Amino acid sequence: MALTVGTGRLGLATLRRLPADARPLLRPGTVPAGIVHLGLGAFHRAHQAVFTEQAVAAAGGDWGIVGVAPRSTDLVTALAAQDHLFSVTTCSGAGNHTRAVGALAGVRHAASDPAAVVALLADPAIRVVTLTVTEKAYQLEPGSGRLRPDPALAADLRGDGPPATVPGLLVRGLLARAAADAGPVALVSCDNLPANGRRLRSLVEQALAYAGTPDRPAGWVAGNVTFPGTMVDRIVPASTAQTLADAERALGVVDLAAVAAEPYTQWVIEDDFPGGRPAWERAGAILTDDAGAWEKLKLRTLNGVHSTTAYLGALAGRETVADALTLPHLPTVLRRLIAEDIAASFTPPDGVSVVAYGDEVLGRFANPAIRHRTLQVAMDGSQKLPQRILHTIADLRSAGAPARWATLVVAAWMQFVRGCADDGTVLPLDDPLAGRIRAALAAHPDTPAGAADALFGLTEVFPAEVAGDDEVRAAVTGWLTDLDRHGVAATLAGAA
Ligand code: CS2
């Protein structure tokens with residue numbers, strides 16, 4: 001994007017020009033790095049970076065973040081040109097507020113300089129490594145959690161070329177750290193994976209085994225690396241030209257790394273940091289022994305209902321999540337999904353009502369100031385379905401309950417991946433298993449029952465107990481037939 005003539009650029013030199021309430025809490029360059037973050041996307045900038053800036057501003061500590069972008073050079077260039085400053089615009093119906101954030105101590109581009117990232121991971125000053133790399137970057141089968149290395153990861157783990165994948169960078173970094181005996185470190189997944197701490201530990205263990213790592217470094221990793229589980233939450237759509245324009249208007253300078261987010265934010269973290277950590281509790285995070293119940297609450301209720309809204313909304317031609325919620329009967333169906341299925345599937349954290357949490361979630365989705373595209377939430381469904389909805393179904397079924405509404409969600413995903421909206425518009429299939437999904441569909445009759453058979457056969461996605469449950473299959477096929485024949489509006493009207 002071209003800079004507006006006469007407008008400066010966000011950076012140390014222009015900080016004094018910002019409105020007083022838009023200035024960062026920390027001045028980049030004043031806080032030494034203690035954290036490496038992999039995945040510099042909008043979510044990290046509006047979530048962990050904000051928590052960390054507030055924690056360091058309140059309680060001190062050498063916890064500057066070195067942000068690593070696995071692929072995007074544009075973002076690294078933009079942040080480097082802005083002295084690592086960026087802004088977050090908090091958007092609600094009541095108006096917007098923009099503030100610059102000074103949590104980043106540096107940025108790196110992994111694709112062009114993987115050696116620098118490996119060296120950072122082996123640096124004794126770095127004691128925490130956080131990740132927001134999206135589900136697919138872990139290269140684990142979504143259903144089972146088994147490592148499925150693609151050729152690039154296999155080369156990273158078994159070859160000695162520069163690492164090109166996230167697990168490759170992590171494993172090379174940990175081995176370099178072990179060789180340098182550079183001190184303990186916490187690896188913190190902030191992705192929406194089930195039991196994300198345990199998944200990341202298992203990824204590292206499987207990757208070390210696949211690489212044929214000798215006992216000594218593998219033993220060092222086992223004794224010096226922790227994997228705290230987390231629940232992360234804030235709705236942060238991908239930035240658009242509008243996001244940058246809003247930030248520029250509020251700041252009076254151009255910010256090419258601006259993000260927009262909802263006001264709500266939450267972070268629950270298992271307190272297992274052998275090398276120390278920022279005082280995140282001073283920024284409102286909940287530190288706990290076990291984040292499991294929080295994680296289930298959020299993945300099943302918020303993310304599960306988000307995906308439901310995204311698939312049904314996209315099929316009905318709605319561009320954003322907030323627009324989708326104005327579909328007649330959808331809010332009723334979502335409330336019944338939450339109350340009758342999701343709430344019945346697990347035990348929430350003490351004192352939390354799943355129904356009340358779900359109502360709050362629906363209020364957040366309806367925020368008209370957040371333009372979160374249904375197609376953005378719909379992408380990578382194969383990686384999201386297990387933790388968002390299939391585990392709900394499995395738990396309900398093992399308790400002998402029917403999972404009525406949850407099976408509608410599976411049918412909505414199936415109809416979505418078949419590729420055609422109710423008005424005939426072609427829907428994009430943006431999913432790492434797109435090839436497998438297309439091949440499975442092509443090998444079966446193009447009917448609702450054929451599509452259900454094809455997709456239940458994706459063993460990487462559907463656990464055997466769900467795929468092999470005749471009642472679940474019949475319910476999904478029934479919903480899929482309704483969606484196929486009558487479309488979303490009539491299906492919802494008939495069900496609510
Ligand atoms: C969304 C999440 O894109 C998606 O799949 O469900 O990114 C969601 O907005 C966040 O998890 C909210 O914390």
# chains A, B, ... in the order shown; residues from 1 in each chain; ligands from 1
call {"tool": "residues_around", "arguments": {"residues": "stretch 419-429 of chain A", "least_positions_apart": "6", "cutoff": "10 Å", "atoms": "only C-alpha atoms", "output": "list in words"}}
result
Tyr311, Leu312, Gly313, Ala314, Leu315, Ala316, Gly317, Leu375, Ala378, Met379, Asp380, Gly381, Gly435, Ile437, Arg438, Leu483, Asp484, Arg485, His486, Gly487, Val488 and Ala489 of chain A
call {"tool": "residues_near_ligand", "arguments": {"ligand": "ligand 1", "cutoff": "6 Å", "atoms": "only C-alpha atoms and all ligand atoms", "output": "list of chain:residue names"}}
result
A:Val232, A:Asp233, A:Arg234, A:Ile235, A:Asn303, A:His306, A:Gln376, A:Val377
call {"tool": "write_last_selection", "arguments": {"atoms": "N, CA and C atoms", "output": "CSV table (one decimal), in the first residue's frame"}}
result
chain,number,residue,atom,x,y,z
A,232,VAL,N,-6.5,-19.7,24.7
A,232,VAL,CA,-6.3,-18.3,24.2
A,232,VAL,C,-7.6,-17.9,23.6
A,233,ASP,N,-8.0,-16.6,23.8
A,233,ASP,CA,-9.2,-16.2,23.2
A,233,ASP,C,-9.3,-14.7,22.9
A,234,ARG,N,-9.5,-14.3,21.7
A,234,ARG,CA,-9.8,-13.0,21.3
A,234,ARG,C,-10.2,-13.1,19.8
A,235,ILE,N,-11.2,-12.5,19.4
A,235,ILE,CA,-11.6,-12.6,17.9
A,235,ILE,C,-10.8,-11.5,17.2
A,303,ASN,N,-15.3,-22.0,19.6
A,303,ASN,CA,-14.8,-22.4,18.2
A,303,ASN,C,-15.8,-23.3,17.6
A,306,HIS,N,-18.5,-21.1,16.4
A,306,HIS,CA,-18.0,-20.3,15.3
A,306,HIS,C,-18.0,-21.0,14.0
A,376,GLN,N,-13.1,-17.2,6.2
A,376,GLN,CA,-11.9,-17.3,7.0
A,376,GLN,C,-12.0,-18.3,8.1
A,377,VAL,N,-13.1,-18.3,8.8
A,377,VAL,CA,-13.4,-19.3,9.9
A,377,VAL,C,-13.6,-20.7,9.3
call {"tool": "residues_around", "arguments": {"residues": "A:Arg335", "least_positions_apart": "6", "cutoff": "12 Å", "atoms": "only C-alpha atoms", "output": "list in words"}}
result
Thr301, Leu302, Val305, Thr308, Thr309, Leu325, His329, Asp341, Ile342, Ala343, Val354, Val355, Ala356, Tyr357, Gly358, Asp359, Glu360, Val361, Leu362, Gly363, Trp405, Ala406 and Ala496 of chain A
call {"tool": "write_last_selection", "arguments": {"atoms": "N, CA and C atoms", "output": "PDB file, in the first residue's frame"}}
result
ATOM      1  N   THR A 301     -17.331 -24.580  22.777  1.00  0.00           N
ATOM      2  CA  THR A 301     -18.406 -23.591  22.748  1.00  0.00           C
ATOM      3  C   THR A 301     -18.069 -22.490  21.743  1.00  0.00           C
ATOM      4  N   LEU A 302     -16.992 -21.744  21.994  1.00  0.00           N
ATOM      5  CA  LEU A 302     -16.722 -20.645  21.064  1.00  0.00           C
ATOM      6  C   LEU A 302     -16.360 -21.165  19.670  1.00  0.00           C
ATOM      7  N   VAL A 305     -19.095 -23.328  17.872  1.00  0.00           N
ATOM      8  CA  VAL A 305     -20.233 -22.542  17.399  1.00  0.00           C
ATOM      9  C   VAL A 305     -19.789 -21.571  16.289  1.00  0.00           C
ATOM     10  N   THR A 308     -19.787 -23.650  13.184  1.00  0.00           N
ATOM     11  CA  THR A 308     -21.178 -23.889  12.781  1.00  0.00           C
ATOM     12  C   THR A 308     -21.725 -22.667  12.030  1.00  0.00           C
ATOM     13  N   THR A 309     -21.504 -21.508  12.625  1.00  0.00           N
ATOM     14  CA  THR A 309     -21.994 -20.257  12.025  1.00  0.00           C
ATOM     15  C   THR A 309     -21.321 -20.024  10.679  1.00  0.00           C
ATOM     16  N   LEU A 325     -25.419 -14.344  11.714  1.00  0.00           N
ATOM     17  CA  LEU A 325     -26.277 -14.443  12.905  1.00  0.00           C
ATOM     18  C   LEU A 325     -27.635 -13.800  12.709  1.00  0.00           C
ATOM     19  N   HIS A 329     -33.756 -17.982  12.654  1.00  0.00           N
ATOM     20  CA  HIS A 329     -33.647 -19.256  13.391  1.00  0.00           C
ATOM     21  C   HIS A 329     -32.215 -19.680  13.721  1.00  0.00           C
ATOM     22  N   ASP A 341     -26.370 -29.978  23.598  1.00  0.00           N
ATOM     23  CA  ASP A 341     -25.262 -30.876  23.229  1.00  0.00           C
ATOM     24  C   ASP A 341     -23.936 -30.476  23.885  1.00  0.00           C
ATOM     25  N   ILE A 342     -23.492 -29.245  23.624  1.00  0.00           N
ATOM     26  CA  ILE A 342     -22.142 -28.884  24.092  1.00  0.00           C
ATOM     27  C   ILE A 342     -22.087 -28.920  25.624  1.00  0.00           C
ATOM     28  N   ALA A 343     -23.070 -28.286  26.275  1.00  0.00           N
ATOM     29  CA  ALA A 343     -23.030 -28.226  27.750  1.00  0.00           C
ATOM     30  C   ALA A 343     -23.110 -29.612  28.364  1.00  0.00           C
ATOM     31  N   VAL A 354     -21.902 -23.113  31.123  1.00  0.00           N
ATOM     32  CA  VAL A 354     -21.646 -23.181  29.676  1.00  0.00           C
ATOM     33  C   VAL A 354     -22.711 -22.385  28.920  1.00  0.00           C
ATOM     34  N   VAL A 355     -23.936 -22.430  29.412  1.00  0.00           N
ATOM     35  CA  VAL A 355     -25.007 -21.713  28.712  1.00  0.00           C
ATOM     36  C   VAL A 355     -24.774 -20.201  28.782  1.00  0.00           C
ATOM     37  N   ALA A 356     -24.389 -19.705  29.970  1.00  0.00           N
ATOM     38  CA  ALA A 356     -24.130 -18.262  30.097  1.00  0.00           C
ATOM     39  C   ALA A 356     -22.904 -17.871  29.260  1.00  0.00           C
ATOM     40  N   TYR A 357     -21.856 -18.705  29.286  1.00  0.00           N
ATOM     41  CA  TYR A 357     -20.660 -18.450  28.471  1.00  0.00           C
ATOM     42  C   TYR A 357     -21.061 -18.416  26.994  1.00  0.00           C
ATOM     43  N   GLY A 358     -21.927 -19.372  26.598  1.00  0.00           N
ATOM     44  CA  GLY A 358     -22.368 -19.441  25.200  1.00  0.00           C
ATOM     45  C   GLY A 358     -23.159 -18.202  24.801  1.00  0.00           C
ATOM     46  N   ASP A 359     -23.987 -17.699  25.709  1.00  0.00           N
ATOM     47  CA  ASP A 359     -24.737 -16.467  25.384  1.00  0.00           C
ATOM     48  C   ASP A 359     -23.783 -15.305  25.156  1.00  0.00           C
ATOM     49  N   GLU A 360     -22.750 -15.255  25.996  1.00  0.00           N
ATOM     50  CA  GLU A 360     -21.768 -14.174  25.841  1.00  0.00           C
ATOM     51  C   GLU A 360     -21.052 -14.317  24.491  1.00  0.00           C
ATOM     52  N   VAL A 361     -20.719 -15.553  24.137  1.00  0.00           N
ATOM     53  CA  VAL A 361     -20.049 -15.820  22.857  1.00  0.00           C
ATOM     54  C   VAL A 361     -20.926 -15.340  21.695  1.00  0.00           C
ATOM     55  N   LEU A 362     -22.223 -15.651  21.748  1.00  0.00           N
ATOM     56  CA  LEU A 362     -23.109 -15.227  20.650  1.00  0.00           C
ATOM     57  C   LEU A 362     -23.167 -13.698  20.576  1.00  0.00           C
ATOM     58  N   GLY A 363     -23.127 -13.048  21.734  1.00  0.00           N
ATOM     59  CA  GLY A 363     -23.084 -11.573  21.746  1.00  0.00           C
ATOM     60  C   GLY A 363     -21.819 -11.070  21.080  1.00  0.00           C
ATOM     61  N   TRP A 405     -27.865 -31.765  17.540  1.00  0.00           N
ATOM     62  CA  TRP A 405     -27.429 -30.519  16.890  1.00  0.00           C
ATOM     63  C   TRP A 405     -25.987 -30.626  16.421  1.00  0.00           C
ATOM     64  N   ALA A 406     -25.198 -31.362  17.168  1.00  0.00           N
ATOM     65  CA  ALA A 406     -23.782 -31.504  16.783  1.00  0.00           C
ATOM     66  C   ALA A 406     -23.659 -32.216  15.441  1.00  0.00           C
ATOM     67  N   ALA A 496     -35.820 -25.541  14.122  1.00  0.00           N
ATOM     68  CA  ALA A 496     -35.788 -24.688  15.337  1.00  0.00           C
ATOM     69  C   ALA A 496     -37.096 -24.782  16.143  1.00  0.00           C
TER      70      ALA A 496
END
call {"tool": "closest_residue", "arguments": {"among": "A:Thr98, A:Thr477, A:Thr132, A:Ser202", "to": "A:Gly39", "atoms": "only C-alpha atoms"}}
result
A:Thr132
call {"tool": "select_by_dssp", "arguments": {"residues": "stretch 237-435 of chain A", "states": "strand (DSSP E)", "output": "list in words"}}
result
Val253, Val254, Val259, Ala260, Ala261, Gln266, Trp267, Val268, Ile269, Glu270, Ile286, Leu287 and Thr288 of chain A
call {"tool": "write_last_selection", "arguments": {"atoms": "N, CA and C atoms", "output": "short mmCIF file (atom, residue, chain, number, x, y, z; two decimals), in the first residue's frame"}}
result
data_model
loop_
_atom_site.label_atom_id
_atom_site.label_comp_id
_atom_site.auth_asym_id
_atom_site.auth_seq_id
_atom_site.Cartn_x
_atom_site.Cartn_y
_atom_site.Cartn_z
N VAL A 253 -0.59 8.62 11.77
CA VAL A 253 0.57 8.11 11.01
C VAL A 253 0.18 6.76 10.41
N VAL A 254 0.92 6.35 9.40
CA VAL A 254 0.62 5.09 8.72
C VAL A 254 1.17 3.91 9.54
N VAL A 259 -3.66 -4.15 13.42
CA VAL A 259 -4.69 -5.18 13.53
C VAL A 259 -5.92 -4.58 14.21
N ALA A 260 -7.07 -5.24 13.99
CA ALA A 260 -8.32 -4.84 14.65
C ALA A 260 -8.84 -6.04 15.41
N ALA A 261 -9.43 -5.82 16.57
CA ALA A 261 -9.89 -6.94 17.40
C ALA A 261 -11.10 -6.52 18.21
N GLN A 266 -9.00 -13.19 26.63
CA GLN A 266 -8.79 -14.10 27.75
C GLN A 266 -7.60 -15.00 27.46
N TRP A 267 -6.83 -15.30 28.53
CA TRP A 267 -5.70 -16.21 28.40
C TRP A 267 -5.60 -17.02 29.69
N VAL A 268 -5.71 -18.32 29.56
CA VAL A 268 -5.54 -19.22 30.70
C VAL A 268 -4.29 -20.05 30.42
N ILE A 269 -3.36 -20.05 31.38
CA ILE A 269 -2.03 -20.63 31.12
C ILE A 269 -1.65 -21.57 32.26
N GLU A 270 -1.18 -22.76 31.91
CA GLU A 270 -0.64 -23.66 32.95
C GLU A 270 0.72 -23.13 33.40
N ILE A 286 -5.16 -15.86 33.55
CA ILE A 286 -5.39 -16.79 34.66
C ILE A 286 -4.28 -17.83 34.61
N LEU A 287 -3.48 -17.91 35.66
CA LEU A 287 -2.44 -18.93 35.75
C LEU A 287 -3.00 -20.09 36.58
N THR A 288 -2.83 -21.31 36.10
CA THR A 288 -3.51 -22.44 36.74
C THR A 288 -2.65 -23.69 36.64
#
call {"tool": "residues_around", "arguments": {"residues": "A:Ala80", "least_positions_apart": "4", "cutoff": "10 Å", "atoms": "only C-alpha atoms", "output": "list in words"}}
result
Gly11, Asp74, Leu75, Val76, His84, Leu85, Gly106, Val107 and Arg108 of chain A
call {"tool": "residues_around", "arguments": {"residues": "stretch 138-152 of chain A", "least_positions_apart": "3", "cutoff": "8 Å", "atoms": "only C-alpha atoms", "output": "list in words"}}
result
Val133, Thr134, Glu135, Ala155, Asp156, Ala164, Thr165, Val166, Pro167, Arg199, Leu200, Leu203, Gln206, Ala207, Ser382, Gln383, Lys384, Pro386, Thr459, Glu460, Val461, Phe462 and Pro463 of chain A
call {"tool": "atom_distance", "arguments": {"atom1": "atom CA of A:Pro278", "atom2": "atom CA of A:Val88"}}
result
20.6 Å
call {"tool": "closest_atom_pairs", "arguments": {"of": "stretch 189-289 of chain A", "to": "stretch 43-57 of chain A", "cutoff": "6 Å", "atoms": "only C-alpha atoms", "output": "JSON lines"}}
result
{"residue": "A:Val236", "atom": "CA", "partner": "A:Phe43", "partner_atom": "CA", "distance": 5.6}
{"residue": "A:Ala279", "atom": "CA", "partner": "A:Ala55", "partner_atom": "CA", "distance": 5.2}
{"residue": "A:Trp280", "atom": "CA", "partner": "A:Ala55", "partner_atom": "CA", "distance": 5.0}
{"residue": "A:Arg282", "atom": "CA", "partner": "A:Ala55", "partner_atom": "CA", "distance": 5.4}
{"residue": "A:Ala283", "atom": "CA", "partner": "A:Ala55", "partner_atom": "CA", "distance": 5.2}
call {"tool": "atom_distance", "arguments": {"atom1": "atom CA of A:Ala154", "atom2": "atom CA of A:Lys136"}}
result
15.5 Å
call {"tool": "closest_residue", "arguments": {"among": "A:Ala22, A:Ala442, A:Ala411, A:Leu480", "to": "A:Arg249", "atoms": "only C-alpha atoms"}}
result
A:Ala22
call {"tool": "select_by_dssp", "arguments": {"residues": "stretch 206-339 of chain A", "states": "helix (DSSP H, G or I)", "output": "ChimeraX atom specification"}}
result
/A:206-211,215-224,241-251,280-283,292-315,321-324,330-339
call {"tool": "atom_distance", "arguments": {"atom1": "atom CA of A:Gly252", "atom2": "atom CA of A:Leu104"}}
result
21.3 Å
